[in-house]
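Structure data follow from work_25.cif (mmCIF, N, CA and C atoms):
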data_structure
#
loop_
_atom_site.group_PDB
_atom_site.id
_atom_site.type_symbol
_atom_site.label_atom_id
_atom_site.label_comp_id
_atom_site.auth_asym_id
_atom_site.auth_seq_id
_atom_site.Cartn_x
_atom_site.Cartn_y
_atom_site.Cartn_z
ATOM 1 N N MET A 26 177.338 126.128 118.265
ATOM 2 C CA MET A 26 177.724 126.319 116.888
ATOM 3 C C MET A 26 176.793 127.311 116.231
ATOM 4 N N SER A 27 177.313 128.115 115.335
ATOM 5 C CA SER A 27 176.454 129.022 114.596
ATOM 6 C C SER A 27 175.703 128.236 113.524
ATOM 7 N N GLN A 28 174.589 128.791 113.105
ATOM 8 C CA GLN A 28 173.755 128.100 112.134
ATOM 9 C C GLN A 28 174.180 128.426 110.714
ATOM 10 N N ILE A 29 173.890 127.518 109.804
ATOM 11 C CA ILE A 29 174.237 127.692 108.409
ATOM 12 C C ILE A 29 173.464 128.876 107.830
ATOM 13 N N PHE A 30 172.147 128.921 108.063
ATOM 14 C CA PHE A 30 171.292 130.011 107.617
ATOM 15 C C PHE A 30 170.580 130.569 108.838
ATOM 16 N N PRO A 31 170.413 131.880 108.906
ATOM 17 C CA PRO A 31 169.654 132.417 110.044
ATOM 18 C C PRO A 31 168.197 132.017 109.913
ATOM 19 N N ASN A 32 167.536 131.768 111.018
ATOM 20 C CA ASN A 32 166.122 131.449 110.986
ATOM 21 C C ASN A 32 165.314 132.705 110.750
ATOM 22 N N PHE A 33 164.245 132.551 110.001
ATOM 23 C CA PHE A 33 163.360 133.668 109.723
ATOM 24 C C PHE A 33 162.433 133.855 110.911
ATOM 25 N N GLU A 34 162.178 135.089 111.273
ATOM 26 C CA GLU A 34 161.201 135.375 112.312
ATOM 27 C C GLU A 34 160.215 136.365 111.738
ATOM 28 N N THR A 35 158.976 135.942 111.652
ATOM 29 C CA THR A 35 157.952 136.776 111.050
ATOM 30 C C THR A 35 156.600 136.408 111.606
ATOM 31 N N SER A 36 155.669 137.323 111.594
ATOM 32 C CA SER A 36 154.293 137.013 111.958
ATOM 33 C C SER A 36 153.610 136.444 110.727
ATOM 34 N N SER A 37 152.954 135.316 110.882
ATOM 35 C CA SER A 37 152.283 134.673 109.762
ATOM 36 C C SER A 37 151.178 133.791 110.297
ATOM 37 N N GLN A 38 150.562 133.013 109.403
ATOM 38 C CA GLN A 38 149.531 132.086 109.826
ATOM 39 C C GLN A 38 150.095 130.992 110.728
ATOM 40 N N LEU A 39 151.408 130.882 110.815
ATOM 41 C CA LEU A 39 152.028 129.870 111.654
ATOM 42 C C LEU A 39 152.047 130.280 113.118
ATOM 43 N N GLY A 40 151.784 131.540 113.399
ATOM 44 C CA GLY A 40 151.788 132.013 114.773
ATOM 45 C C GLY A 40 152.776 133.152 114.936
ATOM 46 N N SER A 41 152.725 133.807 116.042
ATOM 47 C CA SER A 41 153.591 134.935 116.314
ATOM 48 C C SER A 41 155.050 134.487 116.351
ATOM 49 N N ASN A 42 155.872 135.113 115.527
ATOM 50 C CA ASN A 42 157.302 134.837 115.442
ATOM 51 C C ASN A 42 157.646 133.408 115.055
ATOM 52 N N ALA A 43 156.716 132.696 114.462
ATOM 53 C CA ALA A 43 157.023 131.340 114.002
ATOM 54 C C ALA A 43 157.939 131.422 112.795
ATOM 55 N N ALA A 44 158.828 130.481 112.669
ATOM 56 C CA ALA A 44 159.788 130.464 111.574
ATOM 57 C C ALA A 44 159.355 129.439 110.534
ATOM 58 N N PRO A 45 159.053 129.851 109.278
ATOM 59 C CA PRO A 45 158.619 128.881 108.270
ATOM 60 C C PRO A 45 159.745 127.954 107.818
ATOM 61 N N ILE A 46 160.988 128.408 107.950
ATOM 62 C CA ILE A 46 162.151 127.570 107.648
ATOM 63 C C ILE A 46 163.120 127.706 108.817
ATOM 64 N N GLN A 47 163.572 126.573 109.328
ATOM 65 C CA GLN A 47 164.527 126.628 110.430
ATOM 66 C C GLN A 47 165.676 125.664 110.167
ATOM 67 N N THR A 48 166.848 126.044 110.647
ATOM 68 C CA THR A 48 168.031 125.188 110.577
ATOM 69 C C THR A 48 168.617 125.086 111.975
ATOM 70 N N LYS A 49 169.224 123.954 112.236
ATOM 71 C CA LYS A 49 169.842 123.766 113.552
ATOM 72 C C LYS A 49 170.813 122.598 113.446
ATOM 73 N N ARG A 50 171.802 122.616 114.307
ATOM 74 C CA ARG A 50 172.709 121.465 114.405
ATOM 75 C C ARG A 50 173.112 121.282 115.852
ATOM 76 N N VAL A 51 173.413 120.051 116.178
ATOM 77 C CA VAL A 51 173.807 119.719 117.541
ATOM 78 C C VAL A 51 174.881 118.632 117.472
ATOM 79 N N SER A 52 175.903 118.779 118.297
ATOM 80 C CA SER A 52 176.991 117.791 118.356
ATOM 81 C C SER A 52 176.673 116.734 119.398
ATOM 82 N N PHE A 53 177.179 115.521 119.151
ATOM 83 C CA PHE A 53 177.031 114.452 120.138
ATOM 84 C C PHE A 53 178.165 113.457 119.991
ATOM 85 N N THR A 54 178.337 112.654 121.012
ATOM 86 C CA THR A 54 179.365 111.619 121.022
ATOM 87 C C THR A 54 178.693 110.257 120.995
ATOM 88 N N GLY A 55 179.184 109.369 120.148
ATOM 89 C CA GLY A 55 178.611 108.038 120.038
ATOM 90 C C GLY A 55 178.814 107.223 121.299
ATOM 91 N N THR A 56 177.852 106.317 121.556
ATOM 92 C CA THR A 56 177.932 105.443 122.731
ATOM 93 C C THR A 56 178.239 103.994 122.369
ATOM 94 N N GLY A 57 178.146 103.653 121.083
ATOM 95 C CA GLY A 57 178.382 102.275 120.668
ATOM 96 C C GLY A 57 177.128 101.429 120.676
ATOM 97 N N SER A 58 176.038 101.959 121.213
ATOM 98 C CA SER A 58 174.753 101.261 121.209
ATOM 99 C C SER A 58 173.670 102.269 120.839
ATOM 100 N N ALA A 59 172.436 101.808 120.732
ATOM 101 C CA ALA A 59 171.335 102.691 120.342
ATOM 102 C C ALA A 59 171.220 103.858 121.315
ATOM 103 N N GLN A 60 171.142 105.062 120.775
ATOM 104 C CA GLN A 60 171.018 106.264 121.598
ATOM 105 C C GLN A 60 170.074 107.243 120.920
ATOM 106 N N SER A 61 169.632 108.249 121.661
ATOM 107 C CA SER A 61 168.751 109.283 121.139
ATOM 108 C C SER A 61 169.480 110.619 121.145
ATOM 109 N N VAL A 62 169.205 111.433 120.129
ATOM 110 C CA VAL A 62 169.758 112.783 120.058
ATOM 111 C C VAL A 62 168.588 113.717 119.800
ATOM 112 N N SER A 63 168.464 114.753 120.625
ATOM 113 C CA SER A 63 167.360 115.697 120.460
ATOM 114 C C SER A 63 167.880 117.044 119.988
ATOM 115 N N LEU A 64 166.993 117.777 119.348
ATOM 116 C CA LEU A 64 167.311 119.091 118.813
ATOM 117 C C LEU A 64 166.073 119.962 119.046
ATOM 118 N N THR A 65 166.262 121.160 119.581
ATOM 119 C CA THR A 65 165.157 122.076 119.844
ATOM 120 C C THR A 65 165.262 123.279 118.913
ATOM 121 N N TRP A 66 164.160 123.579 118.209
ATOM 122 C CA TRP A 66 164.147 124.726 117.308
ATOM 123 C C TRP A 66 164.241 126.019 118.104
ATOM 124 N N ASP A 67 164.847 127.044 117.515
ATOM 125 C CA ASP A 67 164.948 128.347 118.181
ATOM 126 C C ASP A 67 163.573 128.941 118.436
ATOM 127 N N VAL A 68 162.662 128.769 117.477
ATOM 128 C CA VAL A 68 161.277 129.223 117.611
ATOM 129 C C VAL A 68 160.397 128.025 117.286
ATOM 130 N N ALA A 69 159.560 127.622 118.218
ATOM 131 C CA ALA A 69 158.721 126.443 118.007
ATOM 132 C C ALA A 69 157.757 126.667 116.844
ATOM 133 N N PHE A 70 157.503 125.612 116.085
ATOM 134 C CA PHE A 70 156.473 125.655 115.059
ATOM 135 C C PHE A 70 155.113 125.649 115.757
ATOM 136 N N ALA A 71 154.074 126.065 115.040
ATOM 137 C CA ALA A 71 152.722 126.077 115.606
ATOM 138 C C ALA A 71 152.173 124.656 115.769
ATOM 139 N N ASP A 72 152.707 123.710 114.979
ATOM 140 C CA ASP A 72 152.229 122.332 114.997
ATOM 141 C C ASP A 72 153.322 121.441 114.414
ATOM 142 N N THR A 73 152.993 120.184 114.168
ATOM 143 C CA THR A 73 153.983 119.255 113.608
ATOM 144 C C THR A 73 153.838 119.083 112.102
ATOM 145 N N ASN A 74 153.148 120.002 111.450
ATOM 146 C CA ASN A 74 152.986 119.957 109.994
ATOM 147 C C ASN A 74 154.183 120.618 109.314
ATOM 148 N N TYR A 75 155.329 120.010 109.477
ATOM 149 C CA TYR A 75 156.531 120.489 108.808
ATOM 150 C C TYR A 75 157.361 119.298 108.349
ATOM 151 N N THR A 76 158.181 119.545 107.353
ATOM 152 C CA THR A 76 159.042 118.508 106.792
ATOM 153 C C THR A 76 160.460 118.723 107.287
ATOM 154 N N VAL A 77 161.083 117.647 107.732
ATOM 155 C CA VAL A 77 162.449 117.716 108.243
ATOM 156 C C VAL A 77 163.371 116.935 107.319
ATOM 157 N N VAL A 78 164.505 117.524 107.011
ATOM 158 C CA VAL A 78 165.583 116.832 106.318
ATOM 159 C C VAL A 78 166.766 116.878 107.268
ATOM 160 N N TYR A 79 167.347 115.717 107.562
ATOM 161 C CA TYR A 79 168.479 115.713 108.481
ATOM 162 C C TYR A 79 169.567 114.773 107.994
ATOM 163 N N SER A 80 170.770 115.041 108.448
ATOM 164 C CA SER A 80 171.893 114.156 108.173
ATOM 165 C C SER A 80 172.816 114.167 109.381
ATOM 166 N N ILE A 81 173.603 113.131 109.478
ATOM 167 C CA ILE A 81 174.554 113.020 110.578
ATOM 168 C C ILE A 81 175.952 113.026 109.987
ATOM 169 N N GLU A 82 176.714 114.025 110.385
ATOM 170 C CA GLU A 82 178.086 114.185 109.908
ATOM 171 C C GLU A 82 179.044 113.495 110.862
ATOM 172 N N VAL A 83 179.969 112.752 110.299
ATOM 173 C CA VAL A 83 181.017 112.113 111.087
ATOM 174 C C VAL A 83 182.178 113.099 111.166
ATOM 175 N N THR A 84 182.434 113.667 112.359
ATOM 176 C CA THR A 84 183.504 114.652 112.485
ATOM 177 C C THR A 84 184.813 114.017 112.927
ATOM 178 N N ALA A 85 184.733 112.901 113.600
ATOM 179 C CA ALA A 85 185.937 112.168 114.001
ATOM 180 C C ALA A 85 185.535 110.735 114.279
ATOM 181 N N GLY A 86 186.160 109.803 113.599
ATOM 182 C CA GLY A 86 185.854 108.399 113.868
ATOM 183 C C GLY A 86 185.241 107.708 112.674
ATOM 184 N N ASN A 87 184.454 106.693 112.966
ATOM 185 C CA ASN A 87 183.886 105.828 111.935
ATOM 186 C C ASN A 87 182.445 106.184 111.626
ATOM 187 N N ALA A 88 181.951 105.613 110.555
ATOM 188 C CA ALA A 88 180.587 105.870 110.116
ATOM 189 C C ALA A 88 179.560 105.332 111.111
ATOM 190 N N ILE A 89 178.369 105.863 110.998
ATOM 191 C CA ILE A 89 177.241 105.436 111.818
ATOM 192 C C ILE A 89 176.633 104.191 111.187
ATOM 193 N N THR A 90 176.219 103.242 112.001
ATOM 194 C CA THR A 90 175.633 102.014 111.466
ATOM 195 C C THR A 90 174.116 102.085 111.373
ATOM 196 N N SER A 91 173.479 103.032 112.068
ATOM 197 C CA SER A 91 172.031 103.234 111.969
ATOM 198 C C SER A 91 171.729 104.715 112.105
ATOM 199 N N GLN A 92 170.993 105.287 111.144
ATOM 200 C CA GLN A 92 170.665 106.713 111.145
ATOM 201 C C GLN A 92 169.539 107.061 112.105
ATOM 202 N N GLY A 93 168.830 106.092 112.642
ATOM 203 C CA GLY A 93 167.796 106.369 113.622
ATOM 204 C C GLY A 93 166.417 106.585 113.039
ATOM 205 N N VAL A 94 165.477 106.881 113.934
ATOM 206 C CA VAL A 94 164.072 107.078 113.605
ATOM 207 C C VAL A 94 163.674 108.484 114.057
ATOM 208 N N LEU A 95 163.017 109.235 113.193
ATOM 209 C CA LEU A 95 162.636 110.607 113.480
ATOM 210 C C LEU A 95 161.318 110.677 114.248
ATOM 211 N N VAL A 96 161.308 111.461 115.343
ATOM 212 C CA VAL A 96 160.093 111.763 116.093
ATOM 213 C C VAL A 96 159.999 113.288 116.159
ATOM 214 N N LYS A 97 158.860 113.863 115.695
ATOM 215 C CA LYS A 97 158.703 115.320 115.645
ATOM 216 C C LYS A 97 157.777 115.818 116.748
ATOM 217 N N SER A 98 158.056 117.037 117.217
ATOM 218 C CA SER A 98 157.127 117.808 118.040
ATOM 219 C C SER A 98 157.177 119.233 117.502
ATOM 220 N N ALA A 99 156.289 120.095 117.963
ATOM 221 C CA ALA A 99 156.300 121.479 117.499
ATOM 222 C C ALA A 99 157.593 122.187 117.899
ATOM 223 N N SER A 100 158.172 121.785 119.029
ATOM 224 C CA SER A 100 159.358 122.478 119.543
ATOM 225 C C SER A 100 160.684 121.877 119.103
ATOM 226 N N GLY A 101 160.670 120.678 118.490
ATOM 227 C CA GLY A 101 161.937 120.092 118.079
ATOM 228 C C GLY A 101 161.780 118.695 117.531
ATOM 229 N N ILE A 102 162.914 118.034 117.359
ATOM 230 C CA ILE A 102 162.918 116.654 116.863
ATOM 231 C C ILE A 102 163.762 115.785 117.779
ATOM 232 N N LEU A 103 163.478 114.501 117.726
ATOM 233 C CA LEU A 103 164.252 113.497 118.429
ATOM 234 C C LEU A 103 164.595 112.428 117.408
ATOM 235 N N ILE A 104 165.861 112.125 117.282
ATOM 236 C CA ILE A 104 166.289 111.020 116.435
ATOM 237 C C ILE A 104 166.600 109.881 117.390
ATOM 238 N N ASP A 105 165.808 108.844 117.306
ATOM 239 C CA ASP A 105 165.902 107.714 118.234
ATOM 240 C C ASP A 105 166.600 106.546 117.542
ATOM 241 N N ASP A 106 167.278 105.738 118.302
ATOM 242 C CA ASP A 106 167.946 104.523 117.826
ATOM 243 C C ASP A 106 169.118 104.775 116.883
ATOM 244 N N ILE A 107 169.856 105.867 117.104
ATOM 245 C CA ILE A 107 171.093 106.094 116.364
ATOM 246 C C ILE A 107 172.149 105.154 116.948
ATOM 247 N N VAL A 108 172.851 104.457 116.091
ATOM 248 C CA VAL A 108 173.956 103.621 116.554
ATOM 249 C C VAL A 108 175.244 104.211 115.976
ATOM 250 N N ALA A 109 176.019 104.854 116.863
ATOM 251 C CA ALA A 109 177.266 105.511 116.469
ATOM 252 C C ALA A 109 178.404 104.946 117.311
ATOM 253 N N ASN A 110 179.560 104.824 116.717
ATOM 254 C CA ASN A 110 180.692 104.215 117.413
ATOM 255 C C ASN A 110 181.070 104.977 118.681
ATOM 256 N N SER A 111 181.359 104.242 119.718
ATOM 257 C CA SER A 111 181.638 104.803 121.035
ATOM 258 C C SER A 111 182.845 105.729 121.035
ATOM 259 N N GLY A 112 182.648 106.906 121.655
ATOM 260 C CA GLY A 112 183.743 107.847 121.842
ATOM 261 C C GLY A 112 184.040 108.756 120.672
ATOM 262 N N TYR A 113 183.363 108.570 119.541
ATOM 263 C CA TYR A 113 183.614 109.399 118.368
ATOM 264 C C TYR A 113 182.621 110.556 118.297
ATOM 265 N N SER A 114 183.006 111.630 117.607
ATOM 266 C CA SER A 114 182.191 112.846 117.527
ATOM 267 C C SER A 114 181.362 112.883 116.248
ATOM 268 N N TYR A 115 180.123 113.369 116.388
ATOM 269 C CA TYR A 115 179.184 113.474 115.280
ATOM 270 C C TYR A 115 178.427 114.790 115.402
ATOM 271 N N VAL A 116 177.833 115.241 114.285
ATOM 272 C CA VAL A 116 176.978 116.430 114.288
ATOM 273 C C VAL A 116 175.686 116.086 113.559
ATOM 274 N N LEU A 117 174.553 116.338 114.229
ATOM 275 C CA LEU A 117 173.245 116.190 113.614
ATOM 276 C C LEU A 117 172.878 117.539 112.994
ATOM 277 N N HIS A 118 172.667 117.570 111.675
ATOM 278 C CA HIS A 118 172.259 118.777 110.943
ATOM 279 C C HIS A 118 170.799 118.595 110.549
ATOM 280 N N ALA A 119 169.966 119.615 110.763
ATOM 281 C CA ALA A 119 168.561 119.517 110.401
ATOM 282 C C ALA A 119 168.059 120.812 109.784
ATOM 283 N N VAL A 120 167.180 120.655 108.793
ATOM 284 C CA VAL A 120 166.475 121.772 108.177
ATOM 285 C C VAL A 120 165.001 121.401 108.183
ATOM 286 N N ALA A 121 164.145 122.347 108.555
ATOM 287 C CA ALA A 121 162.703 122.083 108.598
ATOM 288 C C ALA A 121 161.957 123.150 107.821
ATOM 289 N N PHE A 122 160.932 122.719 107.074
ATOM 290 C CA PHE A 122 160.094 123.583 106.246
ATOM 291 C C PHE A 122 158.651 123.366 106.671
ATOM 292 N N HIS A 123 157.991 124.430 107.109
ATOM 293 C CA HIS A 123 156.580 124.269 107.484
ATOM 294 C C HIS A 123 155.759 124.027 106.240
ATOM 295 N N ASP A 124 154.846 123.063 106.314
ATOM 296 C CA ASP A 124 154.013 122.673 105.155
ATOM 297 C C ASP A 124 152.914 123.687 104.900
#
Let me see the structure of the file written as structure tokens.
Amino acid sequence: MSQIFPNFETSSQLGSNAAPIQTKRVSFTGTGSAQSVSLTWDVAFADTNYTVVYSIEVTAGNAITSQGVLVKSASGILIDDIVANSGYSYVLHAVAFHD
């Protein structure tokens, strides 16, 4: 999928070609039980000092019963313990701002 906003690529105190603001989305299918969904940034942050805002869009099917727990790394995020109805389609949307 194409991104909502293009990621910025610039040399800064964040490191060579680090992006101070990044957007990404990834599609997944629900399993009916706790599952993990990962997302990798196009350009890794220099560290985990960034703020993430994410939401899960229901593209087909029923609502999610648990939004999960966020785990950050410099290269991406993992949303753990998402409970989404089995066989239905969802999209994880994320925006990150380096602090």
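Computed from the coordinates, the atom C of A:Thr65 to atom CA of A:Ala88 distance equals 24.8 Å.
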Run DSSP on the backbone and grab whatever in stretch 34-113 of chain A lands in strand (DSSP E or B); send it over as a PDB file with N, CA and C atoms, keeping the file's coordinate frame.
ATOM      1  N   SER A  37     152.954 135.316 110.882  1.00  0.00           N
ATOM      2  CA  SER A  37     152.283 134.673 109.762  1.00  0.00           C
ATOM      3  C   SER A  37     151.178 133.791 110.297  1.00  0.00           C
ATOM      4  N   GLY A  40     151.784 131.540 113.399  1.00  0.00           N
ATOM      5  CA  GLY A  40     151.788 132.013 114.773  1.00  0.00           C
ATOM      6  C   GLY A  40     152.776 133.152 114.936  1.00  0.00           C
ATOM      7  N   ILE A  46     160.988 128.408 107.950  1.00  0.00           N
ATOM      8  CA  ILE A  46     162.151 127.570 107.648  1.00  0.00           C
ATOM      9  C   ILE A  46     163.120 127.706 108.817  1.00  0.00           C
ATOM     10  N   GLN A  47     163.572 126.573 109.328  1.00  0.00           N
ATOM     11  CA  GLN A  47     164.527 126.628 110.430  1.00  0.00           C
ATOM     12  C   GLN A  47     165.676 125.664 110.167  1.00  0.00           C
ATOM     13  N   THR A  48     166.848 126.044 110.647  1.00  0.00           N
ATOM     14  CA  THR A  48     168.031 125.188 110.577  1.00  0.00           C
ATOM     15  C   THR A  48     168.617 125.086 111.975  1.00  0.00           C
ATOM     16  N   LYS A  49     169.224 123.954 112.236  1.00  0.00           N
ATOM     17  CA  LYS A  49     169.842 123.766 113.552  1.00  0.00           C
ATOM     18  C   LYS A  49     170.813 122.598 113.446  1.00  0.00           C
ATOM     19  N   ARG A  50     171.802 122.616 114.307  1.00  0.00           N
ATOM     20  CA  ARG A  50     172.709 121.465 114.405  1.00  0.00           C
ATOM     21  C   ARG A  50     173.112 121.282 115.852  1.00  0.00           C
ATOM     22  N   VAL A  51     173.413 120.051 116.178  1.00  0.00           N
ATOM     23  CA  VAL A  51     173.807 119.719 117.541  1.00  0.00           C
ATOM     24  C   VAL A  51     174.881 118.632 117.472  1.00  0.00           C
ATOM     25  N   SER A  52     175.903 118.779 118.297  1.00  0.00           N
ATOM     26  CA  SER A  52     176.991 117.791 118.356  1.00  0.00           C
ATOM     27  C   SER A  52     176.673 116.734 119.398  1.00  0.00           C
ATOM     28  N   PHE A  53     177.179 115.521 119.151  1.00  0.00           N
ATOM     29  CA  PHE A  53     177.031 114.452 120.138  1.00  0.00           C
ATOM     30  C   PHE A  53     178.165 113.457 119.991  1.00  0.00           C
ATOM     31  N   THR A  54     178.337 112.654 121.012  1.00  0.00           N
ATOM     32  CA  THR A  54     179.365 111.619 121.022  1.00  0.00           C
ATOM     33  C   THR A  54     178.693 110.257 120.995  1.00  0.00           C
ATOM     34  N   ALA A  59     172.436 101.808 120.732  1.00  0.00           N
ATOM     35  CA  ALA A  59     171.335 102.691 120.342  1.00  0.00           C
ATOM     36  C   ALA A  59     171.220 103.858 121.315  1.00  0.00           C
ATOM     37  N   GLN A  60     171.142 105.062 120.775  1.00  0.00           N
ATOM     38  CA  GLN A  60     171.018 106.264 121.598  1.00  0.00           C
ATOM     39  C   GLN A  60     170.074 107.243 120.920  1.00  0.00           C
ATOM     40  N   SER A  61     169.632 108.249 121.661  1.00  0.00           N
ATOM     41  CA  SER A  61     168.751 109.283 121.139  1.00  0.00           C
ATOM     42  C   SER A  61     169.480 110.619 121.145  1.00  0.00           C
ATOM     43  N   VAL A  62     169.205 111.433 120.129  1.00  0.00           N
ATOM     44  CA  VAL A  62     169.758 112.783 120.058  1.00  0.00           C
ATOM     45  C   VAL A  62     168.588 113.717 119.800  1.00  0.00           C
ATOM     46  N   SER A  63     168.464 114.753 120.625  1.00  0.00           N
ATOM     47  CA  SER A  63     167.360 115.697 120.460  1.00  0.00           C
ATOM     48  C   SER A  63     167.880 117.044 119.988  1.00  0.00           C
ATOM     49  N   LEU A  64     166.993 117.777 119.348  1.00  0.00           N
ATOM     50  CA  LEU A  64     167.311 119.091 118.813  1.00  0.00           C
ATOM     51  C   LEU A  64     166.073 119.962 119.046  1.00  0.00           C
ATOM     52  N   THR A  65     166.262 121.160 119.581  1.00  0.00           N
ATOM     53  CA  THR A  65     165.157 122.076 119.844  1.00  0.00           C
ATOM     54  C   THR A  65     165.262 123.279 118.913  1.00  0.00           C
ATOM     55  N   TYR A  75     155.329 120.010 109.477  1.00  0.00           N
ATOM     56  CA  TYR A  75     156.531 120.489 108.808  1.00  0.00           C
ATOM     57  C   TYR A  75     157.361 119.298 108.349  1.00  0.00           C
ATOM     58  N   THR A  76     158.181 119.545 107.353  1.00  0.00           N
ATOM     59  CA  THR A  76     159.042 118.508 106.792  1.00  0.00           C
ATOM     60  C   THR A  76     160.460 118.723 107.287  1.00  0.00           C
ATOM     61  N   VAL A  77     161.083 117.647 107.732  1.00  0.00           N
ATOM     62  CA  VAL A  77     162.449 117.716 108.243  1.00  0.00           C
ATOM     63  C   VAL A  77     163.371 116.935 107.319  1.00  0.00           C
ATOM     64  N   VAL A  78     164.505 117.524 107.011  1.00  0.00           N
ATOM     65  CA  VAL A  78     165.583 116.832 106.318  1.00  0.00           C
ATOM     66  C   VAL A  78     166.766 116.878 107.268  1.00  0.00           C
ATOM     67  N   TYR A  79     167.347 115.717 107.562  1.00  0.00           N
ATOM     68  CA  TYR A  79     168.479 115.713 108.481  1.00  0.00           C
ATOM     69  C   TYR A  79     169.567 114.773 107.994  1.00  0.00           C
ATOM     70  N   SER A  80     170.770 115.041 108.448  1.00  0.00           N
ATOM     71  CA  SER A  80     171.893 114.156 108.173  1.00  0.00           C
ATOM     72  C   SER A  80     172.816 114.167 109.381  1.00  0.00           C
ATOM     73  N   ILE A  81     173.603 113.131 109.478  1.00  0.00           N
ATOM     74  CA  ILE A  81     174.554 113.020 110.578  1.00  0.00           C
ATOM     75  C   ILE A  81     175.952 113.026 109.987  1.00  0.00           C
ATOM     76  N   GLU A  82     176.714 114.025 110.385  1.00  0.00           N
ATOM     77  CA  GLU A  82     178.086 114.185 109.908  1.00  0.00           C
ATOM     78  C   GLU A  82     179.044 113.495 110.862  1.00  0.00           C
ATOM     79  N   VAL A  83     179.969 112.752 110.299  1.00  0.00           N
ATOM     80  CA  VAL A  83     181.017 112.113 111.087  1.00  0.00           C
ATOM     81  C   VAL A  83     182.178 113.099 111.166  1.00  0.00           C
ATOM     82  N   THR A  84     182.434 113.667 112.359  1.00  0.00           N
ATOM     83  CA  THR A  84     183.504 114.652 112.485  1.00  0.00           C
ATOM     84  C   THR A  84     184.813 114.017 112.927  1.00  0.00           C
ATOM     85  N   ALA A  85     184.733 112.901 113.600  1.00  0.00           N
ATOM     86  CA  ALA A  85     185.937 112.168 114.001  1.00  0.00           C
ATOM     87  C   ALA A  85     185.535 110.735 114.279  1.00  0.00           C
ATOM     88  N   SER A  91     173.479 103.032 112.068  1.00  0.00           N
ATOM     89  CA  SER A  91     172.031 103.234 111.969  1.00  0.00           C
ATOM     90  C   SER A  91     171.729 104.715 112.105  1.00  0.00           C
ATOM     91  N   VAL A  94     165.477 106.881 113.934  1.00  0.00           N
ATOM     92  CA  VAL A  94     164.072 107.078 113.605  1.00  0.00           C
ATOM     93  C   VAL A  94     163.674 108.484 114.057  1.00  0.00           C
ATOM     94  N   LEU A  95     163.017 109.235 113.193  1.00  0.00           N
ATOM     95  CA  LEU A  95     162.636 110.607 113.480  1.00  0.00           C
ATOM     96  C   LEU A  95     161.318 110.677 114.248  1.00  0.00           C
ATOM     97  N   VAL A  96     161.308 111.461 115.343  1.00  0.00           N
ATOM     98  CA  VAL A  96     160.093 111.763 116.093  1.00  0.00           C
ATOM     99  C   VAL A  96     159.999 113.288 116.159  1.00  0.00           C
ATOM    100  N   LYS A  97     158.860 113.863 115.695  1.00  0.00           N
ATOM    101  CA  LYS A  97     158.703 115.320 115.645  1.00  0.00           C
ATOM    102  C   LYS A  97     157.777 115.818 116.748  1.00  0.00           C
ATOM    103  N   GLY A 101     160.670 120.678 118.490  1.00  0.00           N
ATOM    104  CA  GLY A 101     161.937 120.092 118.079  1.00  0.00           C
ATOM    105  C   GLY A 101     161.780 118.695 117.531  1.00  0.00           C
ATOM    106  N   ILE A 102     162.914 118.034 117.359  1.00  0.00           N
ATOM    107  CA  ILE A 102     162.918 116.654 116.863  1.00  0.00           C
ATOM    108  C   ILE A 102     163.762 115.785 117.779  1.00  0.00           C
ATOM    109  N   LEU A 103     163.478 114.501 117.726  1.00  0.00           N
ATOM    110  CA  LEU A 103     164.252 113.497 118.429  1.00  0.00           C
ATOM    111  C   LEU A 103     164.595 112.428 117.408  1.00  0.00           C
ATOM    112  N   ILE A 104     165.861 112.125 117.282  1.00  0.00           N
ATOM    113  CA  ILE A 104     166.289 111.020 116.435  1.00  0.00           C
ATOM    114  C   ILE A 104     166.600 109.881 117.390  1.00  0.00           C
ATOM    115  N   ASP A 105     165.808 108.844 117.306  1.00  0.00           N
ATOM    116  CA  ASP A 105     165.902 107.714 118.234  1.00  0.00           C
ATOM    117  C   ASP A 105     166.600 106.546 117.542  1.00  0.00           C
ATOM    118  N   ASP A 106     167.278 105.738 118.302  1.00  0.00           N
ATOM    119  CA  ASP A 106     167.946 104.523 117.826  1.00  0.00           C
ATOM    120  C   ASP A 106     169.118 104.775 116.883  1.00  0.00           C
ATOM    121  N   ILE A 107     169.856 105.867 117.104  1.00  0.00           N
ATOM    122  CA  ILE A 107     171.093 106.094 116.364  1.00  0.00           C
ATOM    123  C   ILE A 107     172.149 105.154 116.948  1.00  0.00           C
ATOM    124  N   VAL A 108     172.851 104.457 116.091  1.00  0.00           N
ATOM    125  CA  VAL A 108     173.956 103.621 116.554  1.00  0.00           C
ATOM    126  C   VAL A 108     175.244 104.211 115.976  1.00  0.00           C
TER     127      VAL A 108
END
Can you turn the PyMOL selection byres (((chain A and resi 91 and name CA) around 8) and name CA) into a concrete residue list for this file, as a PyMOL selection string? chain A and resi 89-90+92-93+106-109
Between atom N of A:Ser80 and atom CA of A:His118, what distance in Å does the model show, to one decimal?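 For atom N of A:Ser80 relative to atom CA of A:His118, the distance reads 4.7 Å.
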For A:Val120, which of A:Ala69, A:Leu64, A:Val78, A:Ile104 is the closest residue, counting only N, CA and C atoms?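 So, comparing all the options, the nearest one is A:Val78.
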Could you jot down the atom CA of A:Tyr115 to atom C of A:Asn74 separation for me, Å, one decimal place? 26.7 Å
Shell around A:His123 at 7 Å using only N, CA and C atoms, local window under 5 positions removed, as JSON, numbers by chain: {"A": [44, 45, 46, 47, 74, 75, 76]}
Smallest atom-to-atom distance to A:Ser98: which of A:Thr73, A:Ala59, A:Trp66, A:Arg50, using all atoms listed in the file? A:Thr73
Can you pull out every residue within 5 Å of A:Ser114, counting only N, CA and C atoms, but drop anything in the same chain fewer than 4 positions away, and send it as a compact mmCIF listing (two decimals) with N, CA and C atoms, in the frame of the given file?
# COMPACT_ATOMS: atom_id res chain seq x y z
N PHE A 53 177.18 115.52 119.15
CA PHE A 53 177.03 114.45 120.14
C PHE A 53 178.16 113.46 119.99
N THR A 54 178.34 112.65 121.01
CA THR A 54 179.36 111.62 121.02
C THR A 54 178.69 110.26 121.00
N THR A 84 182.43 113.67 112.36
CA THR A 84 183.50 114.65 112.48
C THR A 84 184.81 114.02 112.93
N ALA A 85 184.73 112.90 113.60
CA ALA A 85 185.94 112.17 114.00
C ALA A 85 185.54 110.74 114.28
